[in-house]
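Q: Take this structure, written in structure tokens, and hold onto it; I'll ask about it next.
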Amino acid sequence: MSDEADLKLLDQGYHTIMRRVVETGRAPHYTDLASELGLELGAAKALIHDLVAVTPGWTHPGTDYLASFPPFNLQPTQYHVTIDGEQNWFAQCGFEAMAVRWLVPGKHVEINAPCLCCGEPIFVSMCDDVIESIQPEEAVGYSPSEVGGDAASRPFR
Amino acid sequence: MNLFRSEEHARNWSDFAEDMAPSLLPISEWADIFANPFFRQRGREDYISWTRSAEGAAAFGELRARLPRRTET
């Protein structure tokens with residue numbers, strides 16, 4: 001397969017998975033992906049791993065199951081995401097939670113999360129470019145490690 | 001990459017590391033960082049190709065420049 005064909009397949013796989021996660025809160029298994037994209041099972045399984053290699057997502061260790069497909073997480077996290085009143089998603093982290101809105105233009109996105117220090121709630125609501133509410137107003141984001149990992153090996157590429 | 005009710009709460013968190021204190025920013029600022037085209041463009045059908053385009057590379061460069069880095073201790 002040519003590099004161009006490889007890239008087209010990555011595009012198709014990424015878009016198919018993202019669309020499914022946005023619509024349902026769940027990622028397709030590679031057998032579903034194979035069916036949807038007309039691929040052999042082995043090619044669809046490889047595609048899952050190829051995609052997580054070029055994005056900040058990951059599979060559950062030792063499996064072919066997508067666990068994180070940012071900005072979403074397929075396993076529950078403390079970052080509950082509500083879109084237009086429906087709570088059906090989790091964000092990968094507190095920062096990626098801020099990027100969910102770009103996948104649902106025109107819709108209201110709410111993030112509810114407990115503070116990891118005290119367990120009391122934090123709430124953020126947004127729609128497209130507008131941050132409508134941050135409660136409490138003095139709430140902050142913090143990462144004990146560099147976002148995306150070390151600069152030389154970040155999966156943003 | 002977590003949210004806290006205040007800077008004091010973040011600093012009291014068991015995993016707080018002073019050398020990453022530059023990442024201690026208001027949520028509104030993190031929301032702005034995560035408004036980079038790298039995140040905005042995720043819905044497009046050719047997203048992976050886009051990340052490898054000149055436009056994608058420029059967005060990534062801008063993103064990297066804004067991400068807080070670990071300080072020397």
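Within each chain, counting starts at residue 1; across the structure tokens, chains are named A, B, ... in the order shown, with ligands numbered 1 upward in that order.
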Applying 7 Å and only C-alpha atoms, which residues near segment 136-140 of chain A remain after dropping the ones on its own chain fewer than 5 positions away? List them as a ChimeraX atom specification.

A: /A:122 /B:3-7,24-27

Q: Please dump the current selection as a PDB file, in the first residue's frame; keep N, CA and C atoms.

A:
```pdb
ATOM      1  N   ILE A 122     -16.432  20.886  40.507  1.00  0.00           N
ATOM      2  CA  ILE A 122     -15.979  21.922  39.574  1.00  0.00           C
ATOM      3  C   ILE A 122     -16.910  21.815  38.372  1.00  0.00           C
TER       4      ILE A 122
ATOM      5  N   LEU B   3      -8.182  19.244  37.014  1.00  0.00           N
ATOM      6  CA  LEU B   3      -8.805  20.495  37.427  1.00  0.00           C
ATOM      7  C   LEU B   3      -8.922  20.522  38.948  1.00  0.00           C
ATOM      8  N   PHE B   4      -8.747  21.708  39.496  1.00  0.00           N
ATOM      9  CA  PHE B   4      -8.814  21.907  40.948  1.00  0.00           C
ATOM     10  C   PHE B   4      -9.634  23.165  41.236  1.00  0.00           C
ATOM     11  N   ARG B   5     -10.194  23.210  42.437  1.00  0.00           N
ATOM     12  CA  ARG B   5     -11.067  24.340  42.769  1.00  0.00           C
ATOM     13  C   ARG B   5     -10.295  25.636  42.970  1.00  0.00           C
ATOM     14  N   SER B   6      -9.006  25.540  43.200  1.00  0.00           N
ATOM     15  CA  SER B   6      -8.188  26.745  43.350  1.00  0.00           C
ATOM     16  C   SER B   6      -6.717  26.343  43.277  1.00  0.00           C
ATOM     17  N   GLU B   7      -5.836  27.354  43.168  1.00  0.00           N
ATOM     18  CA  GLU B   7      -4.399  27.067  43.176  1.00  0.00           C
ATOM     19  C   GLU B   7      -3.992  26.379  44.474  1.00  0.00           C
ATOM     20  N   LEU B  24       0.217  25.550  36.277  1.00  0.00           N
ATOM     21  CA  LEU B  24      -0.871  25.972  37.163  1.00  0.00           C
ATOM     22  C   LEU B  24      -1.505  27.232  36.570  1.00  0.00           C
ATOM     23  N   LEU B  25      -2.577  27.060  35.834  1.00  0.00           N
ATOM     24  CA  LEU B  25      -3.178  28.174  35.088  1.00  0.00           C
ATOM     25  C   LEU B  25      -4.698  28.176  35.293  1.00  0.00           C
ATOM     26  N   PRO B  26      -5.318  29.336  35.187  1.00  0.00           N
ATOM     27  CA  PRO B  26      -6.784  29.382  35.247  1.00  0.00           C
ATOM     28  C   PRO B  26      -7.395  28.488  34.164  1.00  0.00           C
ATOM     29  N   ILE B  27      -8.551  27.935  34.465  1.00  0.00           N
ATOM     30  CA  ILE B  27      -9.219  27.073  33.487  1.00  0.00           C
ATOM     31  C   ILE B  27      -9.442  27.813  32.170  1.00  0.00           C
TER      32      ILE B  27
END
```

Q: Would you give me, as a VMD selection string, the residues of chain B that come within 7 Å of chain A, using only C-alpha atoms?

A: chain B and resid 1 to 7 9 to 10 12 to 13 15 to 17 20 23 to 27 30 to 31 34 to 35 39 to 40 42 to 43 45 to 49 51 67 to 70

Q: Distance atom CA of Glu86 of chain A-atom CA of Pro28 of chain A, one decimal place?

A: 20.2 Å

Q: Just how far from atom CA of Glu55 of chain B is atom CA of Ala91 of chain A, in Å to one decimal?

A: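 Computed distance, atom CA of Ala91 of chain A to atom CA of Glu55 of chain B, equals 26.1 Å.
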
Q: Show me, as a list of chain:residue names, the residues that have an atom within 8 Å of Asp84 of chain A when counting only C-alpha atoms, minus same-chain residues fewer than 3 positions from it.

A: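 Using only C-alpha atoms, the neighbours found are A:Lys107, A:His108, A:Val109.
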
Q: Fewer than 2 positions away in the same chain doesn't count, so skip those; otherwise give me all residues within 8 Å of segment 43-48 of chain A, counting only C-alpha atoms, as number ranges by chain.

A: A: 9-10, 13, 30-31, 33-34, 39-41, 50-52, 64, 66

Q: Apply DSSP to the structure's backbone, then extract all residues of segment 41-77 of chain A labelled alpha helix (DSSP H) and return them as a ChimeraX atom specification.

A: /A:41-53

Q: Grab the residues selected above and save them as a CSV table (one decimal), in the first residue's frame with C-alpha atoms.

A:
```
chain,number,residue,atom,x,y,z
A,41,LEU,CA,-10.0,-8.0,10.3
A,42,GLY,CA,-6.2,-8.0,10.6
A,43,ALA,CA,-6.0,-4.7,8.7
A,44,ALA,CA,-8.7,-3.1,11.0
A,45,LYS,CA,-6.9,-4.3,14.1
A,46,ALA,CA,-3.6,-2.8,12.8
A,47,LEU,CA,-5.4,0.4,12.0
A,48,ILE,CA,-6.5,0.8,15.6
A,49,HIS,CA,-2.9,0.6,16.7
A,50,ASP,CA,-1.6,2.8,13.9
A,51,LEU,CA,-4.1,5.5,15.0
A,52,VAL,CA,-3.1,5.5,18.6
A,53,ALA,CA,0.5,5.7,17.6
```

Q: So how many Å separate atom CA of Thr77 of chain A and atom CA of His29 of chain A, to one decimal?

A: 20.1 Å

Q: Mind checking which residues fall within 7 Å of Ala59 of chain B, counting only C-alpha atoms, ignoring those fewer than 6 positions away in the same chain, and posting them as a PyMOL selection string?

A: chain B and resi 36-38

Q: Could you save those same residues with N, CA and C atoms as a CSV table (one decimal), in the first residue's frame?

A:
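File written: selection-v2.csv
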```csv
chain,number,residue,atom,x,y,z
B,36,ASN,N,-6.6,25.7,20.1
B,36,ASN,CA,-5.7,25.6,19.0
B,36,ASN,C,-6.3,24.8,17.9
B,37,PRO,N,-6.0,25.2,16.6
B,37,PRO,CA,-6.6,24.4,15.5
B,37,PRO,C,-6.3,22.9,15.6
B,38,PHE,N,-5.2,22.5,16.3
B,38,PHE,CA,-5.0,21.1,16.4
B,38,PHE,C,-6.2,20.3,17.0
```
